[in-house]
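For reference, the structure is listed below as structure tokens.
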Protein chains: 2
Amino acid sequence: KKYSHFMQICNYSICRSSAGRLDGKMREKTLTMDTLNPQVKAVEYAVRGPIVIKAGEIERYLEEGGTKPFSEVIKANIGDAHAMGQQPITFLRQVVALCTFPELMDSPSFPEDAKWRARRILQGCGGHSLGSYSASPGVECIRKDIAAYIEQRDEGVPSDWENIYLTTGASDGIMTILRLLVSGKDSSRTGVMIPIPQYPLYSAAISEMDAVQVNYYLDEDNCWALDINELHRAHQAAKQHCQPRVICIINPGNPTGQVQSKKCIEEVLHFAYEENLFVMSDEVYQDNVYAPDCQFHSFKKVLYEMGPEYFSSVELVSFHSTSKGYTGECGFRGGYMEVINMDPEVKAQLVKLLSVRLCPPLAGQAAMDVIVNPPQPEEHTFKQFHQEKSSVLGALAEKAKLTEQILNAVPGIKCNPVQGAMYAFPRIFIPPKAVEEAKALGMQPDMLYCLRLLEETGICVVPGSGFGQKDRTYHFRMTILPSIEKLNVLLGKVRDFHIRFLKEYSGLE
Amino acid sequence: KKYSHFMQICNYSICRSSAGRLDGKMREKTLTMDTLNPQVKAVEYAVRGPIVIKAGEIERYLEEGGTKPFSEVIKANIGDAHAMGQQPITFLRQVVALCTFPELMDSPSFPEDAKWRARRILQGCGGHSLGSYSASPGVECIRKDIAAYIEQRDEGVPSDWENIYLTTGASDGIMTILRLLVSGKDSSRTGVMIPIPQYPLYSAAISEMDAVQVNYYLDEDNCWALDINELHRAHQAAKQHCQPRVICIINPGNPTGQVQSKKCIEEVLHFAYEENLFVMSDEVYQDNVYAPDCQFHSFKKVLYEMGPEYFSSVELVSFHSTSKGYTGECGFRGGYMEVINMDPEVKAQLVKLLSVRLCPPLAGQAAMDVIVNPPQPEEHTFKQFHQEKSSVLGALAEKAKLTEQILNAVPGIKCNPVQGAMYAFPRIFIPPKAVEEAKALGMQPDMLYCLRLLEETGICVVPGSGFGQKDRTYHFRMTILPSIEKLNVLLGKVRDFHIRFLKEYSGLE
């Protein structure tokens with residue numbers, strides 16, 4: 001290539017004078033750890049943190065022929081269903097493929113049910129193309145489908161399509177709403193109440209925006225239930241040093257897997273009403289409920305049933321996503337939020353803010369449309385769709401039970417029932433000697449535990465410290481997504497590892 | 001539906017006591033214009049601003065049977081090629097459709113050239129599915145394809161795939177890099193140098209992040225060229241009240257359409273080197289160069305040719321996108337950035353920040369891959385691909401010329417040559433009486449002009465004030481994307497309107 005000779009000279013010069021400068025002055029980098037935005041520095045995101053980077057290194061090492069006591073790394077760190085072998089829902093992919101390549105409308109191998117949906121979506125797109133920008137809140141007919149879906153889900157509670165905003169996955173929506181809410185300096189800084197343990201997007205966003213994280217602890221002894229007294233305690237304490245203005249709820253819980261009762265949701269909403277809090281309800285796991293005695297209740301429906309005084313005043317945003325449920329379409333980055341009782345002027349500001357990033361990806365919007373407008377019993381495609389959906393959700397329910405059972409049979413591990421979502425968050429006993437060793441290494445004890453687990457078994461899970469937990473308790477989060485066969489092997493390895501670990505650090509060897 | 005009766009009661013109660021509260025205290029909204037994050041309030045984004053909202057209203061009015069002196073609204077406000085009738089590149093859509101619905105691999109109507117590309121992309125995806133998350137910087141093989149493409153584009157200048165980060169459109173990448181760079185308070189606040197006129201994503205991001213906008217004015221009399229003396233002036237002045245740390249360049253220019261000469265780029269890079277500035281080079285229009293005497297030079301290649309002293313030290317990020325060029329795939333939200341000379345520790349922070357949002361949409365990543373790895377002359381699909389590509393770029397070149405010619409023939413309009421990108425940014429003479437009238441209405445004179453243009457002709461363009469311009473000069477930005485036929489009509493209407501407008505306000509009627 002043209003420059004190959006020049007490169008040799010370059011490389012030489014670079015070595016010789018990398019910090020030098022033509023005029024002899026030193027040229028330092030503009031952007032260094034010292035000048036980096038300190039709020040970025042403060043961000044932590046364990047789900048793709050150091051342990052996952054380590055897992056990648058081990059994977060590469062194995063690929064390059066290195067040997068370990070295991071042959072593959074199993075990534076149970078992230079709710080990434082397809083990466084774990086879950087198959088896409090055929091109908092969803094058919095609709096998105098038709099939207100992508102409309103010449104397929106002529107193909108007899110695509111069902112009519114998929115074709116009319118794709119045609120309808122394309123009619124809502126500029127130039128009938130998935131390649132045009134949509135309006136910043138999303139394609140109008142998709143917003144309408146979502147509103148109709150919510151009305152049906154909530155047994156008739158009205159939903160206005162103009163309150164629906166498509167997003168680039170739920171994370172994007174959550175960040176955008178927090179961006180509106182977070183302001184102030186010193187004691188007037190915005191306090192954001194989040195559950196502990198939490199999904200670390202929340203803590204990361206709070207750090208990035210320089211808000212105050214206000215922790216309310218879920219009750220591990222009560223199956224990770226939200227305790228209203230704990231909300232009051234956290235709120236009272238926070239008022240001393242910030243202005244708590246938002247409460248975030250994750251239901252079903254991530255990483256904790258609990259499903260909130262209707263009574264609990266009522267209490268939270270009453271609390272928000274009384275304390276003038278903006279409610280952000282992360283409901284991306286609404287289709288992932290497994291425990292027979294649990295049921296998903298949307299915050300919106302409960303608010304409605306509390307009466308007009310509440311339903312007309314509490315500001316509530318609910319988030320949903322294509323990434324979870326039975327579709328697991330993470331890569332499409334689809335999602336939506338429904339915004340209730342937002343001040344109309346603020347809503348105009350929200351639209352303005354969204355418009356700067358133009359629009360969410362259209363393929364993700366189309367995928368979201370299929371989720372809210374799936375095949376109906378009278379359609380030809382219903383049978384296959386229903387089979388695929390039930391098969392995914394049935395397997396998840398089985399895996400939730402299996403995980404809980406196997407883990408609870410291990411001495412020194414205690415796992416609450418996985419009522420919903422996609423994770424187990426077992427509590428692990430870590431012997432004092434191991435705690436000391438971790439401290440000496442400058443790491444959290446559960447990080448030491450997870451690193452050892454990874455190095456000895458190839459299983460990648462995330463330390464509880466990445467989600468937050470009560471002092472001197474230790475956990476890890478693992479997904480229940482591997483196939484039943486693989487999950488059995490994985491859990492067996494965790495058990496054996498845990499017993500070895502206990503022995504080693506209890507001096508019983 | 002279940003709740004219809006209850007709703008009537010609700011509606012009644014809401015009316016009766018919308019501001020009341022069960023205990024008699026007033027309940028105010030938590031999020032109001034008073035409590036909204038003031039940085040959000042400060043954001044402006046004219047490309048989808050008030051004039052576009054007005055255009056939407058008129059469109060709805062026409063749809064509902066209302067009458068206007070025109071039958072349709074023509075949206076020349078945004079670079080949205082497909083919405084203006086441009087057809088997608090067949091090969092790109094074939095590859096993305098194959099990735100979306102791999103059963104199509106068996107279809108004889110899809111070319112092998114598309115199939116092997118799709119297979120290769122899917123092999124890089126978890127579970128071989130577009131529905132899995134990719135690594136946060138993007139799919140590895142796509143990053144490698146991009147690096148190979150850049151090396152070829154820059155005639156052998158080396159590109160390391162680990163410096164490539166896929167993004168959700170270029171906007172996302174620009175926001176992310178600014179997020180790293182912006183910090184400090186009061187006189188240590190980060191100054192971000194941007195061209196005026198600029199694409200308002202930059203000013204919006206600067207407002208949102210509370211950085212200091214440092215304007216350098218492009219030279220309208222010299223075909224919107226960047227003048228190095230003006231850079232020095234702006235930098236000197238800014239140093240009094242902030243810390244200028246970044247310079248943003250848009251080449252080819254948006255909204256100004258100029259293509260920078262190699263000499264000019266060298267001067268900018270030398271200036272950045274001397275003043276320790278981080279360089280952000282927005283090169284999304286790199287394939288959109290029309291003027292026969294102009295050529296796209298990448299900032300990276302020019303930096304390389306300035307020698308190792310520069311190439312090993314200046315921190316440079318270059319942005320690209322699927323939305324522009326000859327593909328115009330805006331809805332896919334695809335893009336990438338190449339990051340040169342970034343401090344390795346800072347790079348780890350960048351990856352951490354990206355990981356919070358998980359990954360860019362996979363369909364957009366696949367679309368980006370086709371752009372950097374298109375059919376080669378020896379492939380069967382080359383002919384059609386080449387035809388489609390040339391047809392789009394040929395038409396754009398013709399439209400660039402046409403726009404300039406027709407506008408320059410109108411008294412009181414002066415339009416620089418559209419050397420590249422997708423916009424004309426003509427200067428318009430606005431009579432003093434119209435300026436006064438606008439002031440009395442509390443709006444910018446070119447906003448008055450564009451509103452009148454919209455209401456009288458249905459043509460939606462964006463006032464120059466939304467991009468920034470020298471005091472007492474007025475402009476508008478229009479895209480050159482409508483079909484030649486439509487563009488002729490549009491330009492004729494602009495001409496007639498302008499002449500009427502001049503007459504009306506010059507008292508010559």
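By order in the structure tokens, chains are A, B, ...; within a chain, residues start at 1; ligands start at 1, following the order shown.
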
Give me the residues of chain A that have any atom at most 6 Å from an atom of chain B; for each, the nearest atom pair and the distance in Å, rounded to one decimal. Use only C-alpha atoms, sort by chain and number, and format it as CSV.
```
residue,atom,partner,partner_atom,distance
A:Lys1,CA,B:Gly156,CA,5.4
A:Lys2,CA,B:Gly156,CA,5.6
A:Tyr3,CA,B:Gly156,CA,5.5
A:Cys10,CA,B:Pro308,CA,5.3
A:Thr30,CA,B:Asn276,CA,5.9
A:Leu36,CA,B:Leu180,CA,5.8
A:Asn37,CA,B:Ser183,CA,4.8
A:Asp80,CA,B:Ser132,CA,5.8
A:His82,CA,B:Ser132,CA,5.2
A:Ala83,CA,B:Gly127,CA,4.1
A:Gly85,CA,B:Gly127,CA,5.4
A:Arg93,CA,B:Phe101,CA,5.7
A:Ala97,CA,B:Ala97,CA,4.9
A:Thr100,CA,B:Ala97,CA,5.8
A:Phe101,CA,B:Arg93,CA,5.7
A:Gly126,CA,B:Ala83,CA,4.2
A:Gly127,CA,B:Ala83,CA,4.2
A:Leu130,CA,B:Gly331,CA,5.7
A:Gly131,CA,B:Gly331,CA,4.3
A:Ser132,CA,B:Gly331,CA,4.8
A:Tyr133,CA,B:Gly331,CA,4.8
A:Gly156,CA,B:Lys1,CA,5.4
A:Leu180,CA,B:Asn37,CA,5.3
A:Leu181,CA,B:Asn37,CA,5.9
A:Val182,CA,B:Asn37,CA,5.8
A:Ser183,CA,B:Asn37,CA,4.8
A:Asn276,CA,B:Thr30,CA,5.9
A:Pro308,CA,B:Cys10,CA,5.2
A:Glu329,CA,B:Gly131,CA,4.4
A:Cys330,CA,B:Gly131,CA,5.2
A:Gly331,CA,B:Gly131,CA,4.3
A:Phe332,CA,B:Pro361,CA,5.2
A:Arg333,CA,B:Pro361,CA,5.5
A:Pro361,CA,B:Phe332,CA,5.3
A:Leu362,CA,B:Gly331,CA,5.2
```

So which bits of segment 316-355 of chain B end up strand (DSSP E) when you DSSP the backbone, as a compact mmCIF listing (two decimals) with N, CA and C atoms, in the first residue's frame?
```
# COMPACT_ATOMS: atom_id res chain seq x y z
N LEU B 316 -8.26 13.07 17.57
CA LEU B 316 -9.19 13.32 16.48
C LEU B 316 -10.27 12.24 16.48
N VAL B 317 -11.52 12.67 16.41
CA VAL B 317 -12.61 11.72 16.19
C VAL B 317 -13.33 12.12 14.93
N SER B 318 -13.54 11.15 14.06
CA SER B 318 -14.27 11.41 12.82
C SER B 318 -15.57 10.61 12.84
N PHE B 319 -16.66 11.24 12.36
CA PHE B 319 -17.99 10.63 12.41
C PHE B 319 -18.51 10.33 11.01
N HIS B 320 -19.19 9.20 10.90
CA HIS B 320 -19.84 8.87 9.64
C HIS B 320 -21.21 8.27 9.96
N SER B 321 -22.03 8.06 8.94
CA SER B 321 -23.44 7.72 9.17
C SER B 321 -24.02 6.97 7.99
N GLY B 335 -24.21 4.32 12.19
CA GLY B 335 -23.09 5.25 12.08
C GLY B 335 -21.88 4.68 12.79
N TYR B 336 -20.76 5.35 12.61
CA TYR B 336 -19.57 4.96 13.38
C TYR B 336 -18.71 6.17 13.65
N MET B 337 -17.79 6.01 14.58
CA MET B 337 -16.75 7.03 14.76
C MET B 337 -15.40 6.34 14.84
N GLU B 338 -14.38 7.01 14.32
CA GLU B 338 -13.01 6.53 14.46
C GLU B 338 -12.29 7.49 15.41
N VAL B 339 -11.67 6.90 16.42
CA VAL B 339 -11.08 7.68 17.51
C VAL B 339 -9.56 7.53 17.47
N ILE B 340 -8.87 8.64 17.21
CA ILE B 340 -7.40 8.58 17.05
C ILE B 340 -6.71 9.27 18.21
```

Query raised in the report: For Pro375 of chain A, which of A:Ala397, A:Ile89, A:Val392, A:Ala409 is the closest residue, counting only C-alpha atoms?
Result: A:Ile89

Query raised in the report: How would you write, as number ranges by chain, the set of residues in segment 169-393 of chain A that DSSP gives as alpha helix (DSSP H)?
Result: A: 169-181, 201-209, 228-239, 262-274, 299-305, 308-311, 344-356, 362-372, 382-393

Query raised in the report: atom CA of Glu267 of chain A and atom CA of Ile249 of chain A are how many Å apart?
Result: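 Calculated distance between atom CA of Glu267 of chain A and atom CA of Ile249 of chain A is 12.4 Å.
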
Query - Contacts of Thr473 of chain A within 9 Å, only C-alpha atoms, excl. fewer than 3 positions in-chain, as a list in words - result: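 Returned residues: Arg427, Ile428, Phe429, Ile430, Gly464, Gln469 and Lys470 of chain A.
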
May I have the residues within 6 Å of Trp161 of chain A as a compact mmCIF listing (two decimals) with N, CA and C atoms, in the first residue's frame, using only C-alpha atoms and disregarding those fewer than 2 positions away in the same chain?
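See part_3.txt below for the written result:
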```txt
# COMPACT_ATOMS: atom_id res chain seq x y z
N ARG A 143 -47.71 4.23 17.50
CA ARG A 143 -48.12 4.83 18.79
C ARG A 143 -49.58 4.48 19.08
N LYS A 144 -50.41 4.48 18.04
CA LYS A 144 -51.82 4.15 18.24
C LYS A 144 -51.99 2.68 18.62
N ALA A 147 -51.10 2.31 22.25
CA ALA A 147 -52.16 2.80 23.14
C ALA A 147 -53.30 1.78 23.23
N ASN A 163 -49.66 10.26 24.28
CA ASN A 163 -48.81 10.09 25.47
C ASN A 163 -47.74 9.02 25.27
N ILE A 164 -47.72 8.41 24.08
CA ILE A 164 -46.78 7.31 23.82
C ILE A 164 -45.57 7.83 23.04
```

Query raised in the report: In terms of the shortest atom-to-atom distance over only C-alpha atoms, which of B:Glu455, B:Asp471, B:Glu398, B:Glu404 is closest to Ile51 of chain B?
Result: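 For Ile51 of chain B, the nearest of the candidates is B:Glu455.
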
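Straight-line separation from atom CA of Cys248 of chain A to atom CA of Val192 of chain A: 7.3 Å.
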
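Distance annotation: of B:Leu453, B:Met443, B:Ile142, B:Val435, the residue with the minimal separation from Leu490 of chain B is B:Leu453; atom set is only C-alpha atoms.
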
Query raised in the report: Which distance in Å separates atom CA of Lys493 of chain A and atom CA of Gly458 of chain A, to one decimal?
Result: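 Result for atom CA of Lys493 of chain A versus atom CA of Gly458 of chain A: 9.4 Å, one decimal.
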
Query - Selection near His498 of chain A, 9 Å with only C-alpha atoms, sequence-local residues under 4 positions removed, as a PyMOL selection string - result: chain A and resi 410-413+428+449+453+493-494+502-503

Produce a file of the selected residues containing C-alpha atoms, as a compact mmCIF listing (two decimals), in the first residue's frame.
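Ended up saving to selection-v7.txt:
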```txt
# COMPACT_ATOMS: atom_id res chain seq x y z
CA VAL A 410 -26.37 -25.58 48.37
CA PRO A 411 -25.14 -24.86 51.92
CA GLY A 412 -24.35 -21.14 52.24
CA ILE A 413 -26.57 -20.05 49.35
CA ILE A 428 -24.05 -16.17 49.23
CA TYR A 449 -16.03 -14.72 44.50
CA LEU A 453 -16.05 -18.65 39.79
CA LYS A 493 -20.80 -26.16 38.65
CA VAL A 494 -21.84 -23.24 40.83
CA LEU A 502 -16.34 -22.51 51.56
CA LYS A 503 -13.95 -25.33 52.39
```
